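Accompanying notes for the structure given below.
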Amino acid sequence: MKDAFLRIAKSPWAKGGLAIAILATLILFGRFDLSSLQVAMRSWPWLLAGLLVMLPPYAIVSLRFKIVLESFELPVSLRDAVRWTMIGSFFDIAMPGSSGGDLVKIGYVTGHYGKGYRTKSVMAILVDRVAGLIGLFIIAFLACTLGWTTVSRLSNSRFLLFGLGLVCLGTVLAFLFLTWPRLAESSRMKQAIGAFPFGSKALGAYAAFASLRRKKHYLAYVLMLSLANHLFWCSSILCIARSTGLSVPIAQGFVIFPLAIFFNVFGFAGGFGVGTVSFGLLFTTLLGSTSGTVVGLMYQCLSVISRLGGLPFFLFTKAKTNESIARIRYLEETERSE
């Protein structure tokens with residue numbers, strides 16, 4: 001009975017039905033608010049540019065995810081990394097929060113590597129997501145410092161610079177502390193964590209995370225790709241804002257837009273709701289513009305369209321687990337022999 005259910009769940013028909021249900025729900029609840037796009041119909045080239053600029057980040061994030069997995073000693077082909085990234089992106093539009101697709105992504109990745117590598121797989125996905133958020137704040141902080149002459153015209157600009165600097169510095173210090181060799185090798189810490197239920201799994205996850213300190217080149221690549229990813233997303237918002245007739249200086253935009261993207265995480269189906277409100281508040285408070293809500297809605301609608309590119313990956317690709325698992329076992333045997 002269980003095997004029959006799994007076969008049905010994995011069939012293209014079941015996947016197609018689920019995909020149609022997701023799209024129908026979005027339309028039914030007005031998540032595809034195409035009427036908001038009519039405001040900028042006369043400036044459609046800017047909207048098209050905003051949509052096209054959203055596409056390269058999926059390739060960038062796929063490469064970043066491949067590097068993160070390999071930093072956890074989980075070999076993966078770029079093809080599989082692209083597949084998982086695109087499927088996760090598609091499900092982002094159906095889950096609470098624009099990062100909800102990570103739950104689906106975890107299912108695919110852990111299923112690919114098997115139970116013995118589940119902890120590493122989940123930790124790799126979490127590190128990949130956190131690296132993306134760090135990239136957002138780094139962009140905003142760099143925009144504040146490099147373009148201070150323009151940014152200083154914003155109200156509360158000094159508070160922004162202080163807050164962003166604090167977040168960036170705090171993140172670096174927290175990482176250095178959590179990966180500190182003495183802490184990672186502390187017997188007291190291991191005994192304390194091991195006493196809790198699932199303590200051994202938590203220790204395994206922490207050991208995998210702490211090992212990143214010895215792999216600085218991986219971290220450098222991941223952060224550079226995170227910056228490149230969000231440069232494209234911020235550029236997309238610049239194009240969308242321009243379609244409404246709002247000309248935002250680049251330095252100001254690259255301080256405000258990362259914050260708007262961050263709050264978009266807490267919305268539904270790619271940011272609708274909380275994300276839309278955050279666009280309105282940030283544009284009104286920092287730019288003195290009332291078009292923030294419209295820009296937010298258009299950004300979310302276009303991002304939903306771009307995420308639909310993950311639908312074919314969900315429907316028509318199949319998992320291949322044997323090659324990766326065989327390679328992991330080969331690497332483990334090689335380490336033991338050495």
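Ordering of the structure tokens sets the chain letters (A, B, ...), residue numbers begin anew at 1 in every chain, and ligands are numbered from 1 in the order given.
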Non-local contacts of Thr293 of chain A (8 Å; only C-alpha atoms; under 6 positions in same chain excluded) as number ranges by chain | A: 276-277, 279-280
Leu308 of chain A surroundings by only C-alpha atoms, 9 Å radius, close-in-sequence under 5 positions cut, as a JSON list (two decimals) with C-alpha atoms, in the first residue's frame:
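Contents of out.json, freshly written:
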```json
[["chain", "number", "residue", "atom", "x", "y", "z"],
["A", 86, "MET", "CA", 14.60, 25.65, -9.35],
["A", 89, "SER", "CA", 12.12, 28.44, -6.09],
["A", 90, "PHE", "CA", 8.87, 27.18, -7.62],
["A", 91, "PHE", "CA", 7.55, 26.10, -4.23],
["A", 93, "ILE", "CA", 5.40, 30.85, -4.41],
["A", 303, "SER", "CA", 9.26, 37.25, -9.16]]
```
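Shortest separation to Asn156 of chain A among A:Leu219, A:Met224, A:Phe72, A:Leu287 occurs at residue A:Leu287, atoms counted being only C-alpha atoms.
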Write out as a PyMOL selection string each polymer residue whose atoms come within 12 Å of Gly245 of chain A, counting only C-alpha atoms; drop sequence neighbours fewer than 2 positions from it.
-> chain A and resi 39-44+46-47+238-243+247-248+289-292+294-295
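The gap separating atom CA of Ala140 of chain A from atom CA of Leu164 of chain A is 7.1 Å, in Å to one decimal.
With atom CA of Thr85 of chain A on one side and atom CA of Ile250 of chain A on the other, the separation reads 29.0 Å.
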For Thr110 of chain A, work out the shell of residues within 12 Å, counting only C-alpha atoms and skipping chain neighbours fewer than 5 positions away, then give it as a ChimeraX atom specification.
-> /A:69,74,84,102-105,115-125,319,321,325
Export of prior selection with N, CA and C atoms as a compact mmCIF listing (two decimals), in the first residue's frame:
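Below is the file that was written, selection_16.txt:
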```txt
# COMPACT_ATOMS: atom_id res chain seq x y z
N LEU A 69 27.26 22.61 -0.68
CA LEU A 69 27.17 21.16 -0.49
C LEU A 69 28.56 20.52 -0.49
N LEU A 74 29.65 16.84 0.40
CA LEU A 74 28.52 16.21 -0.28
C LEU A 74 28.65 16.52 -1.77
N TRP A 84 17.43 21.25 -7.94
CA TRP A 84 16.89 21.48 -6.59
C TRP A 84 16.59 22.95 -6.34
N ASP A 102 12.38 26.00 0.74
CA ASP A 102 13.51 25.28 1.33
C ASP A 102 13.06 23.97 1.97
N LEU A 103 11.82 23.93 2.47
CA LEU A 103 11.31 22.69 3.07
C LEU A 103 11.20 21.59 2.02
N VAL A 104 10.72 21.95 0.84
CA VAL A 104 10.64 20.99 -0.26
C VAL A 104 12.04 20.61 -0.72
N LYS A 105 12.91 21.60 -0.77
CA LYS A 105 14.30 21.38 -1.17
C LYS A 105 14.99 20.39 -0.23
N LYS A 115 19.59 8.60 4.37
CA LYS A 115 19.43 8.90 5.80
C LYS A 115 20.76 9.21 6.48
N GLY A 116 21.82 8.53 6.08
CA GLY A 116 23.10 8.72 6.75
C GLY A 116 23.68 10.11 6.59
N TYR A 117 23.17 10.87 5.62
CA TYR A 117 23.71 12.20 5.34
C TYR A 117 22.66 13.29 5.52
N ARG A 118 21.57 12.94 6.22
CA ARG A 118 20.47 13.88 6.38
C ARG A 118 20.89 15.12 7.14
N THR A 119 21.64 14.95 8.23
CA THR A 119 22.05 16.10 9.05
C THR A 119 22.91 17.08 8.25
N LYS A 120 23.87 16.55 7.51
CA LYS A 120 24.72 17.41 6.69
C LYS A 120 23.91 18.12 5.61
N SER A 121 22.94 17.41 5.02
CA SER A 121 22.13 17.99 3.96
C SER A 121 21.32 19.18 4.46
N VAL A 122 20.67 18.98 5.62
CA VAL A 122 19.85 20.05 6.20
C VAL A 122 20.72 21.24 6.59
N MET A 123 21.87 20.97 7.20
CA MET A 123 22.77 22.04 7.61
C MET A 123 23.28 22.83 6.40
N ALA A 124 23.55 22.13 5.29
CA ALA A 124 24.02 22.80 4.08
C ALA A 124 22.96 23.76 3.54
N ILE A 125 21.70 23.35 3.57
CA ILE A 125 20.62 24.21 3.08
C ILE A 125 20.46 25.43 3.98
N ALA A 319 15.35 12.06 -9.98
CA ALA A 319 16.54 12.05 -9.12
C ALA A 319 17.48 10.92 -9.53
N THR A 321 20.62 9.13 -7.60
CA THR A 321 21.33 9.16 -6.32
C THR A 321 22.62 8.34 -6.32
N ILE A 325 26.29 9.16 -4.04
CA ILE A 325 26.52 8.34 -2.85
C ILE A 325 27.79 7.50 -3.04
```
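Proximity to Leu246 of chain A was assessed for A:Trp233, A:Phe268, A:Phe283, A:Phe177 counting only C-alpha atoms; the smallest distance is recorded for A:Phe283.
For Val61 of chain A, the set of protein, DNA and RNA residues having any atom at most 9 Å away, when counting only C-alpha atoms and skipping those fewer than 6 positions along the same chain, is Ala81, Val82, Thr85, Asp128, Gly132, Leu225, Ser226 and Asn229 of chain A.
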Selection from above, C-alpha atoms, as a PDB file, in the first residue's frame, can you write it?
```pdb
ATOM      1  CA  ALA A  81      22.073  21.737  -7.865  1.00  0.00           C
ATOM      2  CA  VAL A  82      20.156  23.658 -10.564  1.00  0.00           C
ATOM      3  CA  THR A  85      17.253  25.254  -6.668  1.00  0.00           C
ATOM      4  CA  ASP A 128      23.106  28.473   2.008  1.00  0.00           C
ATOM      5  CA  GLY A 132      22.080  34.746   1.104  1.00  0.00           C
ATOM      6  CA  LEU A 225      28.027  34.702  -5.242  1.00  0.00           C
ATOM      7  CA  SER A 226      25.536  35.981  -2.640  1.00  0.00           C
ATOM      8  CA  ASN A 229      22.821  37.363  -6.676  1.00  0.00           C
TER       9      ASN A 229
END
```
